[in-house]
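As stored in target_34.csv (CSV, C-alpha atoms):
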chain,number,residue,atom,x,y,z
X,11,GLY,CA,33.3,74.5,198.6
X,12,ASN,CA,35.5,75.4,201.6
X,13,SER,CA,34.1,75.6,205.1
X,14,VAL,CA,35.2,75.2,208.7
X,15,THR,CA,33.1,73.8,211.5
X,16,GLN,CA,34.0,74.4,215.2
X,17,MET,CA,32.5,73.0,218.3
X,18,GLU,CA,30.0,75.4,219.8
X,19,GLY,CA,30.8,77.1,223.1
X,20,PRO,CA,30.9,78.6,225.4
X,21,VAL,CA,33.4,76.4,227.2
X,22,THR,CA,34.2,77.0,230.8
X,23,LEU,CA,37.1,75.2,232.5
X,24,SER,CA,38.9,75.4,235.8
X,25,GLU,CA,42.5,76.5,235.8
X,26,GLU,CA,45.0,73.7,234.9
X,27,ALA,CA,42.3,71.7,233.1
X,28,PHE,CA,42.9,70.1,229.7
X,29,LEU,CA,41.4,71.9,226.7
X,30,THR,CA,40.2,70.5,223.4
X,31,ILE,CA,38.4,72.6,220.9
X,32,ASN,CA,37.2,70.5,217.9
X,33,CYS,CA,37.6,71.8,214.3
X,34,THR,CA,36.8,70.0,211.1
X,35,TYR,CA,37.0,71.4,207.6
X,36,THR,CA,35.8,70.9,204.1
X,37,ALA,CA,38.1,71.9,201.3
X,38,THR,CA,38.4,71.4,197.5
X,39,GLY,CA,42.2,71.1,197.6
X,40,TYR,CA,44.9,71.0,200.1
X,41,PRO,CA,44.5,73.9,202.4
X,42,SER,CA,46.6,75.4,205.1
X,43,LEU,CA,45.0,75.4,208.5
X,44,PHE,CA,45.2,78.0,211.3
X,45,TRP,CA,44.0,78.8,214.8
X,46,TYR,CA,43.5,82.4,215.7
X,47,VAL,CA,42.7,83.9,219.1
X,48,GLN,CA,40.6,87.0,219.8
X,49,TYR,CA,40.8,88.8,223.2
X,50,PRO,CA,37.9,91.2,224.1
X,51,GLY,CA,38.1,94.4,222.1
X,52,GLU,CA,41.0,93.3,220.0
X,53,GLY,CA,41.6,91.9,216.5
X,54,LEU,CA,42.5,88.3,215.8
X,55,GLN,CA,46.0,87.1,216.6
X,56,LEU,CA,47.6,84.1,214.9
X,57,LEU,CA,48.0,81.3,217.5
X,58,LEU,CA,49.4,78.5,215.3
X,59,LYS,CA,49.3,77.1,211.8
X,60,ALA,CA,50.0,73.9,209.8
X,61,THR,CA,50.5,73.8,206.1
X,62,LYS,CA,50.3,70.2,205.2
X,63,ALA,CA,49.0,66.8,206.4
X,64,ASP,CA,50.5,65.5,209.6
X,65,ASP,CA,52.1,68.9,210.4
X,66,LYS,CA,51.7,69.9,214.1
X,67,GLY,CA,51.5,73.6,214.9
X,68,SER,CA,52.3,74.7,218.4
X,69,ASN,CA,52.6,77.9,220.3
X,70,LYS,CA,52.2,79.0,224.0
X,71,GLY,CA,51.4,75.5,225.1
X,72,PHE,CA,48.7,75.1,222.4
X,73,GLU,CA,48.9,72.4,219.8
X,74,ALA,CA,47.0,71.2,216.8
X,75,THR,CA,47.7,68.5,214.2
X,76,TYR,CA,46.6,68.6,210.6
X,77,ARG,CA,44.7,65.3,210.1
X,78,LYS,CA,43.8,64.8,206.4
X,79,GLU,CA,42.2,61.5,207.0
X,80,THR,CA,39.6,62.9,209.4
X,81,THR,CA,39.7,66.5,207.9
X,82,SER,CA,40.3,67.8,211.4
X,83,PHE,CA,42.6,70.3,213.2
X,84,HIS,CA,41.6,70.1,216.9
X,85,LEU,CA,43.2,72.6,219.3
X,86,GLU,CA,44.6,71.2,222.6
X,87,LYS,CA,46.3,72.5,225.6
X,88,GLY,CA,47.4,70.5,228.6
X,89,SER,CA,46.9,73.0,231.3
X,90,VAL,CA,44.9,76.2,230.7
X,91,GLN,CA,45.3,79.5,232.5
X,92,VAL,CA,43.0,82.3,233.3
X,93,SER,CA,44.8,84.4,230.7
X,94,ASP,CA,43.7,81.9,228.0
X,95,SER,CA,40.1,83.1,228.3
X,96,ALA,CA,39.3,84.4,224.8
X,97,VAL,CA,37.5,83.4,221.6
X,98,TYR,CA,39.3,80.8,219.4
X,99,PHE,CA,38.7,80.6,215.6
X,100,CYS,CA,39.7,77.8,213.3
X,101,ALA,CA,40.4,78.9,209.8
X,102,LEU,CA,41.6,77.5,206.5
X,103,SER,CA,43.2,79.0,203.5
X,104,GLU,CA,43.4,77.7,200.0
X,105,ASN,CA,47.0,77.5,198.9
X,106,THR,CA,46.4,80.5,196.6
X,107,GLY,CA,45.8,82.4,199.8
X,108,ASN,CA,43.1,84.5,198.3
X,109,GLN,CA,40.7,84.0,201.1
X,110,PHE,CA,40.4,82.7,204.6
X,111,TYR,CA,37.4,80.7,205.8
X,112,PHE,CA,36.7,81.0,209.5
X,113,GLY,CA,34.7,79.0,211.9
X,114,THR,CA,32.1,80.7,214.1
X,115,GLY,CA,34.5,80.8,217.1
X,116,THR,CA,34.5,79.1,220.4
X,117,SER,CA,34.5,81.2,223.6
X,118,LEU,CA,36.7,79.9,226.4
X,119,THR,CA,36.4,81.1,230.0
X,120,VAL,CA,39.0,79.8,232.5
X,121,ILE,CA,38.1,80.2,236.1
X,122,PRO,CA,40.6,80.3,239.0
P,29,ASP,CA,56.8,96.3,212.3
P,30,THR,CA,54.0,98.2,214.0
P,31,GLY,CA,51.3,95.8,212.9
P,32,VAL,CA,48.1,96.5,211.1
P,33,SER,CA,46.3,99.6,212.2
P,34,GLN,CA,42.8,100.7,211.6
P,35,ASP,CA,41.0,104.0,212.1
P,36,PRO,CA,38.7,104.8,213.6
P,37,ARG,CA,38.2,102.2,216.3
P,38,HIS,CA,34.6,103.0,216.7
P,39,LYS,CA,32.2,104.8,214.4
P,40,ILE,CA,28.6,105.7,215.3
P,41,THR,CA,26.4,107.2,212.6
P,42,LYS,CA,22.8,107.6,211.6
P,43,ARG,CA,21.2,105.4,209.0
P,44,GLY,CA,21.6,106.8,205.6
P,45,GLN,CA,25.0,108.4,206.2
P,46,ASN,CA,28.2,107.5,204.4
P,47,VAL,CA,31.2,106.2,206.4
P,48,THR,CA,34.8,105.6,205.5
P,49,PHE,CA,37.3,103.4,207.3
P,50,ARG,CA,41.1,103.3,206.8
P,51,CYS,CA,43.5,100.4,207.1
P,52,ASP,CA,47.3,100.7,207.2
P,53,PRO,CA,48.8,97.2,206.6
P,54,ILE,CA,52.2,95.9,207.7
P,55,SER,CA,54.6,97.8,205.3
P,56,GLU,CA,56.1,94.8,203.5
P,57,HIS,CA,52.8,93.0,203.0
P,58,ASN,CA,51.4,93.3,199.5
P,59,ARG,CA,48.1,91.6,200.2
P,60,LEU,CA,45.3,93.4,202.1
P,61,TYR,CA,42.0,92.0,203.1
P,62,TRP,CA,38.7,93.3,204.4
P,63,TYR,CA,36.4,91.2,206.6
P,64,ARG,CA,33.1,91.8,208.4
P,65,GLN,CA,32.4,90.2,211.8
P,66,THR,CA,29.1,90.2,213.6
P,67,LEU,CA,28.6,89.2,217.2
P,68,GLY,CA,29.1,85.5,217.8
P,69,GLN,CA,30.4,84.8,214.3
P,70,GLY,CA,33.7,84.4,212.6
P,71,PRO,CA,35.0,87.0,210.1
P,72,GLU,CA,33.4,86.9,206.7
P,73,PHE,CA,35.5,87.8,203.7
P,74,LEU,CA,34.6,91.0,201.8
P,75,THR,CA,37.4,91.7,199.4
P,76,TYR,CA,41.2,91.6,198.9
P,77,PHE,CA,43.9,93.5,197.1
P,78,GLN,CA,47.2,92.5,195.8
P,79,ASN,CA,49.2,95.7,195.7
P,80,GLU,CA,46.7,98.2,194.3
P,81,ALA,CA,44.6,95.7,192.3
P,82,GLN,CA,41.3,94.6,193.8
P,83,LEU,CA,41.3,90.9,192.8
P,84,GLU,CA,38.3,89.4,194.5
P,85,LYS,CA,35.0,90.6,196.0
P,86,SER,CA,32.5,88.6,198.0
P,87,ARG,CA,28.8,88.6,197.1
P,88,LEU,CA,28.4,90.2,200.6
P,89,LEU,CA,29.9,93.3,199.2
P,90,SER,CA,26.9,95.1,197.9
P,91,ASP,CA,27.1,98.1,195.5
P,92,ARG,CA,26.9,100.4,198.6
P,93,PHE,CA,30.4,99.2,199.5
P,94,SER,CA,33.6,100.3,197.8
P,95,ALA,CA,37.2,99.6,198.7
P,96,GLU,CA,40.3,101.2,197.3
P,97,ARG,CA,44.0,100.8,197.7
P,98,PRO,CA,45.3,103.6,195.5
P,99,LYS,CA,49.0,103.3,195.9
P,100,GLY,CA,49.3,99.7,197.1
P,101,SER,CA,49.8,100.8,200.7
P,102,PHE,CA,46.8,101.9,202.9
P,103,SER,CA,43.3,101.0,202.0
P,104,THR,CA,39.9,102.6,202.5
P,105,LEU,CA,36.5,100.9,202.8
P,106,GLU,CA,33.5,103.2,202.2
P,107,ILE,CA,29.9,102.3,202.9
P,108,GLN,CA,27.3,104.6,201.3
P,109,ARG,CA,23.7,105.0,202.6
P,110,THR,CA,24.3,102.9,205.7
P,111,GLU,CA,21.6,100.6,206.9
P,112,GLN,CA,21.0,99.0,210.3
P,113,GLY,CA,22.3,95.7,209.0
P,114,ASP,CA,25.7,97.2,208.3
P,115,SER,CA,26.4,97.4,212.1
P,116,ALA,CA,29.4,95.1,212.6
P,117,MET,CA,33.1,95.0,213.3
P,118,TYR,CA,35.1,95.6,210.1
P,119,LEU,CA,38.5,93.9,210.2
P,120,CYS,CA,41.5,94.5,208.0
P,121,ALA,CA,44.3,92.0,207.5
P,122,SER,CA,47.5,91.9,205.5
P,123,SER,CA,49.8,89.2,204.4
P,124,LEU,CA,52.6,88.3,202.1
P,125,ALA,CA,51.6,86.9,198.7
P,126,ASN,CA,52.5,83.3,199.3
P,127,GLY,CA,49.5,81.1,199.6
P,128,ASN,CA,50.1,79.6,203.1
P,129,GLN,CA,51.2,82.8,204.8
P,130,PRO,CA,49.1,83.8,207.8
P,131,GLN,CA,47.0,87.0,207.8
P,132,HIS,CA,47.8,89.6,210.4
P,133,PHE,CA,44.7,91.4,211.7
P,134,GLY,CA,44.1,94.9,212.9
P,135,ASP,CA,41.9,95.6,215.9
P,136,GLY,CA,39.0,96.5,213.7
P,137,THR,CA,36.5,99.3,213.4
P,138,ARG,CA,33.2,98.8,215.1
P,139,LEU,CA,30.4,100.4,213.2
P,140,SER,CA,27.1,101.2,215.0
P,141,ILE,CA,24.2,102.5,213.0
P,142,LEU,CA,21.6,104.4,215.0
Spell out the structure here as structure tokens.
Amino acid sequence: GNSVTQMEGPVTLSEEAFLTINCTYTATGYPSLFWYVQYPGEGLQLLLKATKADDKGSNKGFEATYRKETTSFHLEKGSVQVSDSAVYFCALSENTGNQFYFGTGTSLTVIP
Amino acid sequence: DTGVSQDPRHKITKRGQNVTFRCDPISEHNRLYWYRQTLGQGPEFLTYFQNEAQLEKSRLLSDRFSAERPKGSFSTLEIQRTEQGDSAMYLCASSLANGNQPQHFGDGTRLSIL
């Protein structure tokens, strides 16, 4: 079946530190992969996506590369800001797009 | 494009009561999804519609839950005879029908059962 596993949080970093949040997946086919971000009291917002192997998604300084050989889609940012504090969810979608499978989320707190 | 809107934002009710939530998707999106999210967890799929047709339902969706999308636009999710375990955030999302299109989420309805 399909599933997503994320590194557990919470993660606390100082401003300008390097961020990595690990995500690995299990899928029966060739899924599309996504990172969503959820700020307190809000719904999920799409952060970036990649639809095939070796694609790199990027947005707002965040990047993730679709690695088929390691079934991973790790999220990285070179220099985090306080405003990046949120919960980050890795997700996959079968190419039929019928359903998304989400990880459990990783809470990030960035301190000044 | 005003985004996905959900109403109400917060619902508090007594156990055993019925509740109904509404979701208005992005207007050109023909797919609409309902998820449930509990504290510390990712969203769990409940059901989805393509236009007015309900095409898939999760086993999480007990017979107390029913969802409709009568004209292929807005959708409602009703929970009958609510139980303590129904307390959660209910999220709605919409997307275009292509398989690798992202889903756009509303801010959710938080249900609290007393």
Exercise answer, chain X residues close to chain P, 12 Å and only C-alpha atoms, as a ChimeraX atom specification = /X:13-16,18-20,40-62,97-117
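The space between atom CA of Val47 of chain P and atom CA of Ser140 of chain P spans 10.8 Å.
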One decimal place gives the atom CA of Gly71 of chain X-atom CA of Gly31 of chain P separation as 23.7 Å
Which residues are near Ser55 of chain P? Cut-off 9 Å, all atoms listed in the file, ignore same chain within fewer than 3 positions. Put them as a PDB file with C-alpha atoms, in the coordinates of the input.
ATOM      1  CA  ASP P  29      56.800  96.300 212.300  1.00  0.00           C
ATOM      2  CA  THR P  30      54.000  98.200 214.000  1.00  0.00           C
ATOM      3  CA  GLY P  31      51.300  95.800 212.900  1.00  0.00           C
ATOM      4  CA  VAL P  32      48.100  96.500 211.100  1.00  0.00           C
ATOM      5  CA  ASP P  52      47.300 100.700 207.200  1.00  0.00           C
ATOM      6  CA  ASN P  58      51.400  93.300 199.500  1.00  0.00           C
ATOM      7  CA  SER P 101      49.800 100.800 200.700  1.00  0.00           C
TER       8      SER P 101
END
Nearby residues (only C-alpha atoms) at most 6 Å from segment 73-83 of chain X, same-chain spacing under 2 positions excluded, as an MDAnalysis selection string = chainID X and resid 33:35 63:68 85:86
Using atom CA of Ser115 of chain P and atom CA of Glu80 of chain P as the two end points, give the distance in Å to one decimal.
->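 Atom CA of Glu80 of chain P lies 27.0 Å from atom CA of Ser115 of chain P.
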Option closest in space to Ala96 of chain X, from X:Thr30, X:Ser24, X:Thr119, X:His84 [counting all atoms listed in the file] |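 Comparing X:Thr30, X:Ser24, X:Thr119, X:His84 against Ala96 of chain X, the winner is X:Thr119.
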